[in-house]
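The structure appears right after this line, and notes come after that.
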Amino acid sequence: MRRLLIGILAVFTGLSLLGCGTTAKEIQAKSLGEKTDVFTEVGNGRALPKGFADMIIKANIKTHIEGYYVLESKESIHGKQGYPFVFNIDGQGITWKVDGVKDIKPSYEADGKTSRDPEAREGLKYILEKTVRLTAGTHKVFFGLPEEHYSVEVEIALEEGKMSILEFRPVYRYKTDPTRIPTFLRGVDRYDVFLNGQPVLMK
């Protein structure tokens with residue numbers, strides 16, 4: 001019954017987000033972009049030409065397994081393969097689809113208390129890691145998750161000849177009970193963004 005009630009809440013929340021449509025449309029537009037010469041995806045070991053920088057992009061999300069919520073749309077990507085991560089750098093867009101791996105963490109600590117790990121319980125973990133090459137200097141990076149109706153844009157500065165790491169770390173919503181423990185089963189609240197380990201201010 002509890003799962004059914006949570007499922008109903010998730011459905012109505014999704015409908016309200018879809019009703020707005022702004023974020024979904026923005027993510028769709030950003031995934032296409034209008035430029036093709038801002039960045040290229042590269043492998044390891046390729047020498048950096050003068051005036052360029054490499055950047056590793058990292059992002060992840062854990063979702064419930066397929067069928068966890070009985071009222072969730074059959075079209076939902078949650079718990080399935082090919083979860084989409086959308087990025088747009090200075091007008092060039094791309095969608096990377098990632099296959100998930102089963103991730104099971106205990107619901108309780110060794111002392112019997114409920115785990116405070118936001119990713120406790122069974123789910124599917126999607127981990128994205130890509131390396132791109134672009135000119136050194138300042139860039140605007142858009143990150144969107146179409147399935148979550150979530151997006152964020154940040155401005156970063158890259159140093160010539162250096163490798164940087166841009167990381168998007170999920171922060172999950174809280175349970176509604178008094179424990180106030182965040183859990184991936186409630187979905188993403190936001191992403192915290194870090195460049196080379198340092199927090200990046202949101203746009």
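Each chain in the structure tokens gets a letter, A, B and so on, in the order shown; residues start at 1 in every chain, and ligands are counted from 1 in the order they appear.
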- Task: Using only C-alpha atoms, determine which residues lie at most 7 Å from range 80-93 of chain A, disregarding the query and same-chain residues fewer than 6 positions distant; provide the list as a list in words.
- Result: Lys30, Ser31, Leu32, Gly33, Glu34, Lys35, Thr36, Val38, Glu66, Asp99, Gly100, His139, Lys140, Val141, Phe142, Phe143, Gly144 and Leu145 of chain A
I need the chosen residues saved as a PDB file, in the first residue's frame, with N, CA and C atoms.
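What landed in selection.pdb:
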```
ATOM      1  N   LYS A  30      18.200  21.889 -26.071  1.00  0.00           N
ATOM      2  CA  LYS A  30      19.627  21.867 -25.762  1.00  0.00           C
ATOM      3  C   LYS A  30      20.306  20.605 -26.287  1.00  0.00           C
ATOM      4  N   SER A  31      19.570  19.505 -26.346  1.00  0.00           N
ATOM      5  CA  SER A  31      20.158  18.250 -26.825  1.00  0.00           C
ATOM      6  C   SER A  31      20.512  18.326 -28.301  1.00  0.00           C
ATOM      7  N   LEU A  32      19.822  19.208 -29.032  1.00  0.00           N
ATOM      8  CA  LEU A  32      20.092  19.373 -30.463  1.00  0.00           C
ATOM      9  C   LEU A  32      21.178  20.409 -30.705  1.00  0.00           C
ATOM     10  N   GLY A  33      20.994  21.597 -30.094  1.00  0.00           N
ATOM     11  CA  GLY A  33      21.991  22.654 -30.265  1.00  0.00           C
ATOM     12  C   GLY A  33      22.023  23.174 -31.686  1.00  0.00           C
ATOM     13  N   GLU A  34      22.875  24.174 -31.901  1.00  0.00           N
ATOM     14  CA  GLU A  34      22.996  24.741 -33.245  1.00  0.00           C
ATOM     15  C   GLU A  34      24.436  24.775 -33.731  1.00  0.00           C
ATOM     16  N   LYS A  35      25.363  24.284 -32.916  1.00  0.00           N
ATOM     17  CA  LYS A  35      26.774  24.276 -33.293  1.00  0.00           C
ATOM     18  C   LYS A  35      27.320  22.849 -33.292  1.00  0.00           C
ATOM     19  N   THR A  36      28.426  22.658 -34.005  1.00  0.00           N
ATOM     20  CA  THR A  36      29.056  21.329 -34.059  1.00  0.00           C
ATOM     21  C   THR A  36      30.566  21.381 -33.864  1.00  0.00           C
ATOM     22  N   VAL A  38      32.300  23.062 -31.186  1.00  0.00           N
ATOM     23  CA  VAL A  38      32.739  23.543 -29.868  1.00  0.00           C
ATOM     24  C   VAL A  38      33.638  22.513 -29.184  1.00  0.00           C
ATOM     25  N   GLU A  66      12.814  -1.311 -12.719  1.00  0.00           N
ATOM     26  CA  GLU A  66      11.618  -1.280 -13.561  1.00  0.00           C
ATOM     27  C   GLU A  66      10.453  -1.972 -12.852  1.00  0.00           C
ATOM     28  N   ASP A  99      23.925   2.559 -20.039  1.00  0.00           N
ATOM     29  CA  ASP A  99      23.290   1.354 -19.518  1.00  0.00           C
ATOM     30  C   ASP A  99      23.518   1.276 -18.010  1.00  0.00           C
ATOM     31  N   GLY A 100      22.493   0.863 -17.307  1.00  0.00           N
ATOM     32  CA  GLY A 100      22.574   0.780 -15.856  1.00  0.00           C
ATOM     33  C   GLY A 100      23.094  -0.556 -15.371  1.00  0.00           C
ATOM     34  N   HIS A 139      33.522  28.659 -20.551  1.00  0.00           N
ATOM     35  CA  HIS A 139      32.463  27.947 -21.281  1.00  0.00           C
ATOM     36  C   HIS A 139      31.211  27.832 -20.423  1.00  0.00           C
ATOM     37  N   LYS A 140      30.059  27.804 -21.100  1.00  0.00           N
ATOM     38  CA  LYS A 140      28.790  27.529 -20.425  1.00  0.00           C
ATOM     39  C   LYS A 140      28.406  26.080 -20.691  1.00  0.00           C
ATOM     40  N   VAL A 141      28.166  25.348 -19.603  1.00  0.00           N
ATOM     41  CA  VAL A 141      27.834  23.926 -19.708  1.00  0.00           C
ATOM     42  C   VAL A 141      26.425  23.688 -19.164  1.00  0.00           C
ATOM     43  N   PHE A 142      25.567  23.153 -20.009  1.00  0.00           N
ATOM     44  CA  PHE A 142      24.198  22.801 -19.634  1.00  0.00           C
ATOM     45  C   PHE A 142      24.119  21.293 -19.426  1.00  0.00           C
ATOM     46  N   PHE A 143      23.481  20.891 -18.343  1.00  0.00           N
ATOM     47  CA  PHE A 143      23.285  19.470 -18.033  1.00  0.00           C
ATOM     48  C   PHE A 143      21.810  19.215 -17.786  1.00  0.00           C
ATOM     49  N   GLY A 144      21.249  18.233 -18.488  1.00  0.00           N
ATOM     50  CA  GLY A 144      19.834  17.951 -18.326  1.00  0.00           C
ATOM     51  C   GLY A 144      19.527  16.472 -18.276  1.00  0.00           C
ATOM     52  N   LEU A 145      18.506  16.134 -17.495  1.00  0.00           N
ATOM     53  CA  LEU A 145      18.004  14.768 -17.413  1.00  0.00           C
ATOM     54  C   LEU A 145      16.543  14.784 -17.855  1.00  0.00           C
TER      55      LEU A 145
END
```
- Residues within 12 Å of Pro199 in chain A, only C-alpha atoms, excluding chain neighbours under 3 positions, as a PyMOL selection string: chain A and resi 154-156+165-169+191-196+202
- Message: DSSP on the backbone: which residues in range 15-88 of chain A end up as helix (DSSP H, G or I)? Give the answer as a PyMOL selection string.
- Response: chain A and resi 15-20+22-32
- If you run DSSP over the backbone, which residues in chain A end up strand (DSSP E or B)? Put them as number ranges by chain. A: 33, 39-41, 52-63, 83-89, 92-98, 101-105, 108, 114, 121-135, 137-145, 150-158, 163-172, 174, 182, 188-195, 198-199, 202
- Query: Any idea what's packed within 8 Å of range 121-125 of chain A, counting only C-alpha atoms, ignoring anything in its chain fewer than 6 positions away? Could you give it as a count of residues only?
  - Reply: 15
- Measuring atom to atom with only C-alpha atoms, identify which of A:Val98, A:Ala59, A:Leu71, A:Val188 is nearest to Glu148 in chain A. A:Val188
- Which of these, A:Glu129, A:Glu159, A:Glu119, A:Glu75, has the shortest distance to Gly43 in chain A once you count only C-alpha atoms?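 Of the candidates, the smallest distance to Gly43 in chain A is held by A:Glu129.
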